[in-house]
Amino acid sequence: MLEGGREPPSGLEWPEGLRDVRGAVHCHSFLSHDSEGSWTRIASAARSVGVEFVLLSDHPSPGFIERSPRGLLDGVWLIGGGELSAEGRKGSLLALGPTRTPSSPGDGNAAIIESIHSAGGVAIVAHAEEFTAFDVPGYDGIEIQNLHAALRDRCPAIVLLGGLLLPPPLFFRYVVPRPDHNLDRYGELLDQGRRLTVVAGGDAHENIQLLGWVFGTYAETFKAASTHLLVEGEVNDGSIMDALRRGRSYAAFESLSSTLGFVFVGQSPRAGVALPGDDLPLAKETRLMATAPGNSRFILRRGSRVVATRRGNRLDHCPRQEGLYWLEVQQGNRCWIITSPIAVVGEQP
Ligand SMILES: [Zn+2]
């Protein structure tokens, strides 16, 4: 039995002590010039929607990581981090969980990524819709959706009308589009063999006012775009960062529905269970399996190629080729879940 009453697919031996933990990635606090959010406000918003960790990404200033939180506040793990402008201001690079402020590296993307790694952080391409340097080596993951950008690129009249007429969950459900462009890039990068950690970016600032009312509160944004990590043992700084580094993640848009009951795993007779981020040896009996509540549509891809689609609450597929396999799950034809890849690899002799 998994945490929260989740049942793994039948016949699977679920790794002992593994938890699916819901979190928020790409969040700005008062350390950014364009937000006033306090850490207590962020933590209490997170707790109110069942988010257990927040990976902050403030706009940098001298020594800001040393002034960022790193620990439990109001039952929520807050971990400081930064959002560094990418070369030519085309997109950005998130520095998630660095232990010190990245040195000012100049304008080159490779140098920015290197500065994030040497400060102990995980480097994630953010605002992927603007980023143009996907060939640069070394980044660890991709922000598959950025809510702020998705709304900015939408027709303003639709956003305004939707904001006025729809309560927040319905607004995010119907107004935020599927991130087609980012998903295409993601598939192509996996075709090249790049193992990436998928995160969803709320880009929460709580700084948009509409007729005197705050639009996109922290709580609404956390709920609309969350990042789930498969964490071993206690939820803490070390286990969160470990899961993030290993790519044990999926992005979820839970204005559509809670992901409680969702599992995506591989299994092979010799290696046992493989999670997103893991290797899964290719053999005759190797399987990729998923379950999800309700009537879902599963789209399994190897890199950019669709290899299986199913409707219902279960997918079971025997891969025949090596490659990076990932899952998109839709509900009501809307994008709901996007996983990091499981690497199906040739069996070692
Ligand atoms: Zn941001």
# chains A, B, ... in the order shown; residues from 1 in each chain; ligands from 1
>>> residues_near_ligand(ligand="ligand 1", cutoff="9 Å", atoms="only C-alpha atoms and all ligand atoms", output="ChimeraX atom specification")
/A:26-28,57-59,82-83,92,94,126-127,146,148,201-205
>>> residues_around(residues="Arg152 in chain A", least_positions_apart="4", cutoff="12 Å", atoms="only C-alpha atoms", output="count of residues only")
15
>>> closest_atom_pairs(of="range 168-236 of chain A", to="range 247-251 of chain A", cutoff="8 Å", atoms="only C-alpha atoms", output="Markdown table")
| residue | atom | partner | partner_atom | distance |
| --- | --- | --- | --- | --- |
| A:Arg195 | CA | A:Gly247 | CA | 7.9 |
| A:Leu196 | CA | A:Gly247 | CA | 6.5 |
| A:Thr197 | CA | A:Gly247 | CA | 4.3 |
| A:Val198 | CA | A:Tyr250 | CA | 5.9 |
| A:Val199 | CA | A:Ala251 | CA | 5.3 |
| A:Ala200 | CA | A:Ala251 | CA | 5.0 |
| A:Ala225 | CA | A:Ala251 | CA | 7.2 |
| A:Ser226 | CA | A:Ala251 | CA | 5.9 |
| A:Thr227 | CA | A:Ala251 | CA | 4.6 |
| A:His228 | CA | A:Tyr250 | CA | 5.3 |
| A:Leu229 | CA | A:Ser249 | CA | 4.5 |
| A:Leu230 | CA | A:Arg248 | CA | 5.4 |
| A:Val231 | CA | A:Arg248 | CA | 7.8 |
>>> write_last_selection(atoms="N, CA and C atoms", output="mmCIF file, in the first residue's frame")
data_model
loop_
_atom_site.group_PDB
_atom_site.id
_atom_site.type_symbol
_atom_site.label_atom_id
_atom_site.label_comp_id
_atom_site.auth_asym_id
_atom_site.auth_seq_id
_atom_site.Cartn_x
_atom_site.Cartn_y
_atom_site.Cartn_z
ATOM 1 N N ARG A 195 18.441 12.557 -20.055
ATOM 2 C CA ARG A 195 17.543 12.200 -18.963
ATOM 3 C C ARG A 195 17.200 13.464 -18.190
ATOM 4 N N LEU A 196 15.956 13.818 -18.171
ATOM 5 C CA LEU A 196 15.559 15.087 -17.560
ATOM 6 C C LEU A 196 14.549 14.851 -16.443
ATOM 7 N N THR A 197 14.634 15.707 -15.445
ATOM 8 C CA THR A 197 13.637 15.728 -14.375
ATOM 9 C C THR A 197 12.542 16.712 -14.778
ATOM 10 N N VAL A 198 11.310 16.233 -14.779
ATOM 11 C CA VAL A 198 10.195 17.107 -15.136
ATOM 12 C C VAL A 198 9.655 17.802 -13.887
ATOM 13 N N VAL A 199 9.477 19.116 -13.976
ATOM 14 C CA VAL A 199 8.770 19.846 -12.924
ATOM 15 C C VAL A 199 7.699 20.719 -13.574
ATOM 16 N N ALA A 200 6.687 21.076 -12.765
ATOM 17 C CA ALA A 200 5.695 22.062 -13.201
ATOM 18 C C ALA A 200 6.003 23.347 -12.460
ATOM 19 N N ALA A 225 -0.585 23.834 -10.469
ATOM 20 C CA ALA A 225 0.623 23.248 -11.080
ATOM 21 C C ALA A 225 1.505 22.710 -9.970
ATOM 22 N N SER A 226 1.480 21.414 -9.751
ATOM 23 C CA SER A 226 2.326 20.859 -8.692
ATOM 24 C C SER A 226 3.328 19.870 -9.263
ATOM 25 N N THR A 227 4.375 19.655 -8.481
ATOM 26 C CA THR A 227 5.413 18.684 -8.836
ATOM 27 C C THR A 227 5.415 17.617 -7.750
ATOM 28 N N HIS A 228 5.216 16.379 -8.156
ATOM 29 C CA HIS A 228 5.255 15.273 -7.195
ATOM 30 C C HIS A 228 6.626 14.615 -7.258
ATOM 31 N N LEU A 229 7.168 14.308 -6.091
ATOM 32 C CA LEU A 229 8.429 13.581 -6.011
ATOM 33 C C LEU A 229 8.190 12.258 -5.295
ATOM 34 N N LEU A 230 8.880 11.221 -5.748
ATOM 35 C CA LEU A 230 8.825 9.917 -5.082
ATOM 36 C C LEU A 230 10.005 9.863 -4.130
ATOM 37 N N VAL A 231 9.689 10.008 -2.868
ATOM 38 C CA VAL A 231 10.698 10.263 -1.843
ATOM 39 C C VAL A 231 10.900 9.021 -0.988
#
>>> closest_residue(among="A:Asp278, A:Arg185, A:Ile113, A:Gly81", to="Thr132 in chain A", atoms="only C-alpha atoms")
A:Arg185
>>> atom_distance(atom1="CA of Asn295 in chain A", atom2="CA of Asn313 in chain A")
5.8 Å
>>> select_by_dssp(residues="range 36-143 of chain A", states="strand (DSSP E)", output="PyMOL selection string")
chain A and resi 53-56+70-73+76-79+81-85+92-96+122-126+141-143
>>> atom_distance(atom1="CA of Glu188 in chain A", atom2="CA of Ser255 in chain A")
27.9 Å
>>> residues_around(residues="Ala219 in chain A", least_positions_apart="3", cutoff="12 Å", atoms="only C-alpha atoms", output="JSON, numbers by chain")
{"A": [23, 24, 27, 37, 41, 42, 43, 44, 45, 46, 47, 48, 49, 50, 51, 54, 168, 169, 202, 204, 205, 206, 214, 215, 216, 222, 223, 224, 225, 226, 254, 255]}
>>> atom_distance(atom1="CA of Gly193 in chain A", atom2="CA of Val306 in chain A")
16.3 Å
>>> closest_residue(among="A:Thr309, A:Ser103, A:Gln330, A:Gln321", to="Pro293 in chain A", atoms="only C-alpha atoms")
A:Gln330
>>> closest_residue(among="A:Leu56, A:Ala149, A:Ile65, A:Ala292", to="Val263 in chain A", atoms="only C-alpha atoms")
A:Ala292
>>> residues_around(residues="Gly17 in chain A", least_positions_apart="2", cutoff="8 Å", atoms="only C-alpha atoms", output="list in words")
Pro15, Arg19, Glu232 and Gly233 of chain A
>>> closest_atom_pairs(of="range 82-127 of chain A", to="range 140-143 of chain A", cutoff="6 Å", atoms="only C-alpha atoms", output="tab-separated table")
residue	atom	partner	partner_atom	distance
A:Ala123	CA	A:Asp140	CA	5.4
A:Ile124	CA	A:Gly141	CA	4.5
A:Val125	CA	A:Ile142	CA	4.8
A:Ala126	CA	A:Glu143	CA	5.0
>>> select_by_dssp(residues="range 230-287 of chain A", states="alpha helix (DSSP H)", output="PyMOL selection string")
chain A and resi 237-246
>>> residues_around(residues="Gly312 in chain A", least_positions_apart="6", cutoff="8 Å", atoms="only C-alpha atoms", output="PyMOL selection string")
chain A and resi 294-297
>>> write_last_selection(atoms="C-alpha atoms", output="PDB file, in the first residue's frame")
ATOM      1  CA  GLY A 294     -11.355   7.542 -13.098  1.00  0.00           C
ATOM      2  CA  ASN A 295     -11.543   7.387 -16.833  1.00  0.00           C
ATOM      3  CA  SER A 296      -8.114   8.535 -17.927  1.00  0.00           C
ATOM      4  CA  ARG A 297      -6.362   8.572 -21.266  1.00  0.00           C
TER       5      ARG A 297
END
